[in-house]
Amino acid sequence: MKKILIIEDEQNVITYLDTLFKDHGYGTVVATSGDVGLDLAKKEKPDLITLDISMPDKSGIKVYRTLKEDKTLQKIPVVVITGVTGYAGSPDDFKKFLSTRKSVPPPEGFMPKPIDRDALIKMIKKLI
Amino acid sequence: MPKQAVVNKLRTELFNQVPMSIAVIDCDNRIVIANKEFEKTYGDWKGKMCHEAYKHSAQICAGCKAKKTFESGKVFSSKEQGYNKDGKLNFYLVRYFPLFDDDGRVAFVVEMSADITEQVAIENEYKLIFDNVPCYITVIDRDFRVVKANGFFNDKFSHQGKTYCYEMYKNGNQPCEDCVAREVFKTGRKQRGLQTGIDKDGTESHYMTTVAPLLFDKGQVNLAIEISQDISEMMHLETQLEQAMHEKFEAERLAAVGQTIAGLSHTIKNILMGLEGGMYVVNSGLKRKDDGLVKQGWQMLESDISRISTIVKEFLSFAKGTKPNFTMADPVQIANDVIALFKVVCEQSGIELKGSFPMPVDKAYLDPEGIHTALTNLISNAIDACLVSDNKKLCVTLFCYEEDGAIVFRIKDNGCGMDYDTKQKIFTNFFTTKGSGQGTGLGLLMTRKIVSQHRGKIEVNTTEGEGSEFVIKFLRKQLPKPAE
């Protein structure tokens with residue numbers, strides 16, 4: 001069974017993603033903060049990570065950079081799920097994040113909230 | 001010296017020493033003799049006609065009073081203007097009296113003139129000032145009868161058939177209740193007061209009146225002078241300014257509503273995701289026959305619905321612009337109430353909550369509920385800032401005191417503080433750092449709105465990692481007045 005690590009601070013979104021992934025036959029590991037996420041990534045070696053980059057302390061960006069700079073982790077595909085991204089949901093944070101991190105490759109997947117379930121599952125199936 | 005000789009000498013001396021110009025003229029108007037004072041003022045008179053010497057004129061004056069004295073033998077007086085020996089205009093008062101010969105005919109006329117040039121200049125100056133000074137000036141007697149008024153007053157208030165101050169200024173038929181002059185007549189001391197009158201065109205006019213005693217008689221003020229400065233224009237400007245401020249605030253509110261809608265649509269997206277998630281989890285639980293999952297999904301739905309409810313309520317109250325309810329309130333009392341509200345929460349969270357009220361603060365015309373909300377918002381923010389801080393000995397202090405005519409509320413915490421970006425955004429709608437599901441991002445915006453409803457100021461000082469301080473200042477003289 002393929003394993004997905006969910007890094008997300010909001011409990012309701014965790015429950016949602018957790019249920020969704022399990023329904024589609026994936027195993028899940030949950031981390032409610034960036035630091036716990038990095039620990040679990042090392043320990044659990046997940047097949048894919050969903051990462052909320054817009055957690056209040058913005059540590060999502062740091063988590064992503066650390067993931068992609070770590071030789072043992074950088075191959076794990078990451079799907080970024082953006083939350084609060086400026087007014088009317090413009091993905092400003094995400095664009096900024098892409099443009100300022102040239103040494104780091106862009107994430108394998110990107111999904112704005114509210115998530116499109118079918119598109120997300122399709123994306124994950126393609127990646128793993 | 002024999003007595004007659006003394007009398008003769010005195011006559012000669014008097015003639016020359018009296019501080020008036022004296023000239024004696026014959027029936028042809030020719031000067032036959034003049035005194036030293038005359039010579040000093042009008043120069044050499046010998047062989048000159050009266051009008052030549054006084055007025056540098058070749059012709060006899062129209063209505064010559066000397067001529068009348070010659071004709072009637074009676075004494076006349078007149079106020080004249082002529083030129084002195086240097087050609088300078090001068091004013092003088094003349095008295096004409098006859099010198100009879102033995103037959104009882106007028107042989108000569110004596111002209112005695114007193115120089116009043118200086119008095120006339122002062123009088124003119126005074127009249128000019130009196131009439132043109134941009135104030136209404138009236139002199140009134142003890143019955144409030146206007147005995148003298150300046151041009152400025154007459155142009156604005158004087159109408160025929162009106163004699164009393166209160167008739168002219170206010171179109172009233174009895175002395176005003178708040179009469180400023182009454183006190184002056186009673187106490188003999190100067191008084192000031194703000195008055196509202198109606199001018200002769202029926203327009204309302206506001207003026208600041210100063211009344212001072214003008215004439216005392218037997219220890220009683222008989223006449224008083226009223227000097228009123230018209231401040232209608234100023235009051236009009238103030239109203240306009242208030243209007244402009246109101247419009248500005250309204251425009252800001254509308255702009256904020258626009259931003260709010262943009263922000264709201266984003267928030268709705270988040271909630272929508274929560275609802276979709278909840279529904280999905282419930283359905284999934286039902287399919288799997290997993291009661292726990294159904295329950296979890298249901299809780300997700302519940303929490304998102306309550307979030308909608310909170311946001312809609314706050315949004316509505318913000319968009320509507322709830323009317324503040326102003327009343328005389330004790331600022332320290334409000335501060336104390338807010339402290340009491342958070343006592344338990346702080347104790348449980350290990351945060352020390354202090355109220356610092358070093359002095360009693362006089363009651364002020366405030367919206368107590370609004371102030372309560374504003375302080376609640378700020379204290380609750382301060383507590384949140386402490387909860388995410390690593391600082392030891394966390395402390396939130398609410399100060400309330402009066403300083404330089406302003407009521408000050410100061411909320412200081414040693415929590416996490418803010419970085420520059422955050423500080424720039426804190427008064428913007430839907431800006432929140434508290435993570436999804438907490439805080440609506442409207443609290444500080446509401447706070448700022450409440451402060452501006454009191455025409456106050458809110459400022460923030462913050463250092464990242466060290467804490468924040470919010471200062472609200474209400475200048476007493478700028479607070480709304482009970483009458484507004």
# chains A, B, ... in the order shown; residues from 1 in each chain; ligands from 1
$ residues_around --residues "segment 39-53 of chain A" --least-positions-apart "3" --cutoff "6 Å" --atoms "only C-alpha atoms" --output "list in words"
Lys3, Ile4, Leu5, Ile6, Ile7, Glu8, Val36, Gly60, Ile61, Ile76, Pro77, Val78, Val79, Val80, Ile81 and Thr82 of chain A
$ select_by_dssp --residues "segment 243-464 of chain B" --states "strand (DSSP E)" --output "ChimeraX atom specification"
/B:327-329,352-356,364-366,395-403,406-413,457-463
$ residues_around --residues "Gly193 of chain B" --least-positions-apart "3" --cutoff "8 Å" --atoms "only C-alpha atoms" --output "PyMOL selection string"
chain B and resi 180+208-210
$ residues_around --residues "Gln296 of chain B" --least-positions-apart "2" --cutoff "9 Å" --atoms "only C-alpha atoms" --output "list in words"
Asn12 and Thr15 of chain A; Gly278, Val281, Val282, Gly285, Asp291, Gly292, Leu293, Val294, Trp298, Gln299, Met300 and Leu301 of chain B
$ residues_around --residues "segment 326-343 of chain B" --least-positions-apart "5" --cutoff "9 Å" --atoms "only C-alpha atoms" --output "VMD selection string"
chain B and resid 348 352 to 355 357 359 to 369 371 to 373 375 to 376 379 to 380 398 to 401 407 409 480 482
$ write_last_selection --atoms "C-alpha atoms" --output "PDB file, in the first residue's frame"
ATOM      1  CA  GLN B 348      -5.566  29.088  33.344  1.00  0.00           C
ATOM      2  CA  GLU B 352      -0.470  37.559  34.449  1.00  0.00           C
ATOM      3  CA  LEU B 353      -3.217  40.079  33.696  1.00  0.00           C
ATOM      4  CA  LYS B 354      -2.779  43.477  35.327  1.00  0.00           C
ATOM      5  CA  GLY B 355      -4.903  46.592  35.415  1.00  0.00           C
ATOM      6  CA  PHE B 357      -5.255  52.727  36.906  1.00  0.00           C
ATOM      7  CA  MET B 359      -5.664  57.944  38.979  1.00  0.00           C
ATOM      8  CA  PRO B 360      -9.409  58.372  38.903  1.00  0.00           C
ATOM      9  CA  VAL B 361     -10.468  59.532  35.427  1.00  0.00           C
ATOM     10  CA  ASP B 362     -13.482  61.819  35.146  1.00  0.00           C
ATOM     11  CA  LYS B 363     -16.500  60.449  33.353  1.00  0.00           C
ATOM     12  CA  ALA B 364     -16.627  61.151  29.650  1.00  0.00           C
ATOM     13  CA  TYR B 365     -19.161  60.960  26.860  1.00  0.00           C
ATOM     14  CA  LEU B 366     -18.322  57.555  25.399  1.00  0.00           C
ATOM     15  CA  ASP B 367     -19.924  54.509  23.852  1.00  0.00           C
ATOM     16  CA  PRO B 368     -19.177  52.127  26.746  1.00  0.00           C
ATOM     17  CA  GLU B 369     -20.150  49.025  24.795  1.00  0.00           C
ATOM     18  CA  ILE B 371     -14.951  50.766  24.205  1.00  0.00           C
ATOM     19  CA  HIS B 372     -15.599  47.435  25.911  1.00  0.00           C
ATOM     20  CA  THR B 373     -15.482  45.654  22.541  1.00  0.00           C
ATOM     21  CA  LEU B 375     -10.523  46.679  24.759  1.00  0.00           C
ATOM     22  CA  THR B 376     -11.770  43.085  24.646  1.00  0.00           C
ATOM     23  CA  ILE B 379      -6.693  42.112  25.336  1.00  0.00           C
ATOM     24  CA  SER B 380      -7.728  38.946  23.569  1.00  0.00           C
ATOM     25  CA  LEU B 398      -4.175  47.362  30.651  1.00  0.00           C
ATOM     26  CA  PHE B 399      -3.439  50.974  31.584  1.00  0.00           C
ATOM     27  CA  CYS B 400      -6.102  53.642  31.858  1.00  0.00           C
ATOM     28  CA  TYR B 401      -5.248  57.225  32.741  1.00  0.00           C
ATOM     29  CA  ILE B 407      -8.147  59.674  28.051  1.00  0.00           C
ATOM     30  CA  PHE B 409      -6.053  53.178  27.213  1.00  0.00           C
ATOM     31  CA  PRO B 480     -18.658  63.890  20.520  1.00  0.00           C
ATOM     32  CA  PRO B 482     -23.999  65.138  24.246  1.00  0.00           C
TER      33      PRO B 482
END
$ atom_distance --atom1 "atom CA of Gly109 of chain A" --atom2 "atom CA of Lys126 of chain A"
10.2 Å
$ residues_around --residues "Asp217 of chain B" --least-positions-apart "5" --cutoff "12 Å" --atoms "only C-alpha atoms" --output "list of chain:residue names"
B:Arg142, B:Phe185, B:Gly188, B:Asn222, B:Leu223, B:Ala224
$ write_last_selection --atoms "C-alpha atoms" --output "compact mmCIF listing (two decimals), in the first residue's frame"
# COMPACT_ATOMS: atom_id res chain seq x y z
CA ARG B 142 -28.92 99.35 32.44
CA PHE B 185 -24.14 95.51 35.55
CA GLY B 188 -18.90 95.48 37.49
CA ASN B 222 -24.40 102.79 34.07
CA LEU B 223 -23.18 101.86 30.62
CA ALA B 224 -21.60 98.72 29.31
$ atom_distance --atom1 "atom CA of Tyr54 of chain B" --atom2 "atom CA of Asp26 of chain B"
15.3 Å
$ residues_around --residues "segment 165-176 of chain B" --least-positions-apart "6" --cutoff "7 Å" --atoms "only C-alpha atoms" --output "ChimeraX atom specification"
/B:144-146,157-158,197-199
$ atom_distance --atom1 "atom CA of Thr196 of chain B" --atom2 "atom CA of His246 of chain B"
25.2 Å
$ decode --residues "segment 103-123 of chain A" --atoms "N, CA and C atoms" --output "compact mmCIF listing (two decimals), in the first residue's frame"
# COMPACT_ATOMS: atom_id res chain seq x y z
N SER A 103 17.04 27.61 -6.64
CA SER A 103 17.89 26.42 -6.43
C SER A 103 17.05 25.18 -6.14
N VAL A 104 15.79 25.41 -5.81
CA VAL A 104 14.91 24.30 -5.46
C VAL A 104 13.92 24.08 -6.60
N PRO A 105 13.71 22.88 -7.08
CA PRO A 105 12.76 22.66 -8.17
C PRO A 105 11.33 22.92 -7.71
N PRO A 106 10.46 23.25 -8.66
CA PRO A 106 9.05 23.45 -8.28
C PRO A 106 8.44 22.14 -7.80
N PRO A 107 7.37 22.24 -6.99
CA PRO A 107 6.76 21.01 -6.49
C PRO A 107 6.12 20.22 -7.63
N GLU A 108 5.99 18.94 -7.40
CA GLU A 108 5.45 18.05 -8.43
C GLU A 108 3.97 18.31 -8.68
N GLY A 109 3.29 18.78 -7.65
CA GLY A 109 1.86 19.06 -7.82
C GLY A 109 1.45 20.31 -7.05
N PHE A 110 0.39 20.93 -7.52
CA PHE A 110 -0.10 22.15 -6.85
C PHE A 110 -1.63 22.13 -6.86
N MET A 111 -2.22 22.32 -5.71
CA MET A 111 -3.68 22.23 -5.61
C MET A 111 -4.21 23.36 -4.71
N PRO A 112 -4.94 24.33 -5.32
CA PRO A 112 -5.50 25.38 -4.47
C PRO A 112 -6.74 24.90 -3.72
N LYS A 113 -6.98 25.54 -2.57
CA LYS A 113 -8.20 25.23 -1.82
C LYS A 113 -9.35 26.05 -2.41
N PRO A 114 -10.61 25.66 -2.44
CA PRO A 114 -11.01 24.31 -1.99
C PRO A 114 -10.57 23.25 -3.02
N ILE A 115 -10.13 22.13 -2.53
CA ILE A 115 -9.55 21.15 -3.44
C ILE A 115 -10.61 20.49 -4.33
N ASP A 116 -10.17 20.21 -5.53
CA ASP A 116 -11.00 19.44 -6.46
C ASP A 116 -10.59 17.98 -6.23
N ARG A 117 -11.49 17.21 -5.59
CA ARG A 117 -11.18 15.82 -5.17
C ARG A 117 -10.66 14.97 -6.31
N ASP A 118 -11.44 14.97 -7.42
CA ASP A 118 -11.09 14.08 -8.54
C ASP A 118 -9.73 14.47 -9.13
N ALA A 119 -9.53 15.80 -9.26
CA ALA A 119 -8.26 16.26 -9.83
C ALA A 119 -7.09 15.87 -8.94
N LEU A 120 -7.30 15.97 -7.62
CA LEU A 120 -6.23 15.63 -6.68
C LEU A 120 -5.87 14.15 -6.76
N ILE A 121 -6.90 13.31 -6.79
CA ILE A 121 -6.65 11.86 -6.85
C ILE A 121 -5.97 11.49 -8.17
N LYS A 122 -6.43 12.15 -9.26
CA LYS A 122 -5.84 11.91 -10.58
C LYS A 122 -4.35 12.27 -10.56
N MET A 123 -4.08 13.44 -9.94
CA MET A 123 -2.70 13.93 -9.84
C MET A 123 -1.82 12.95 -9.06
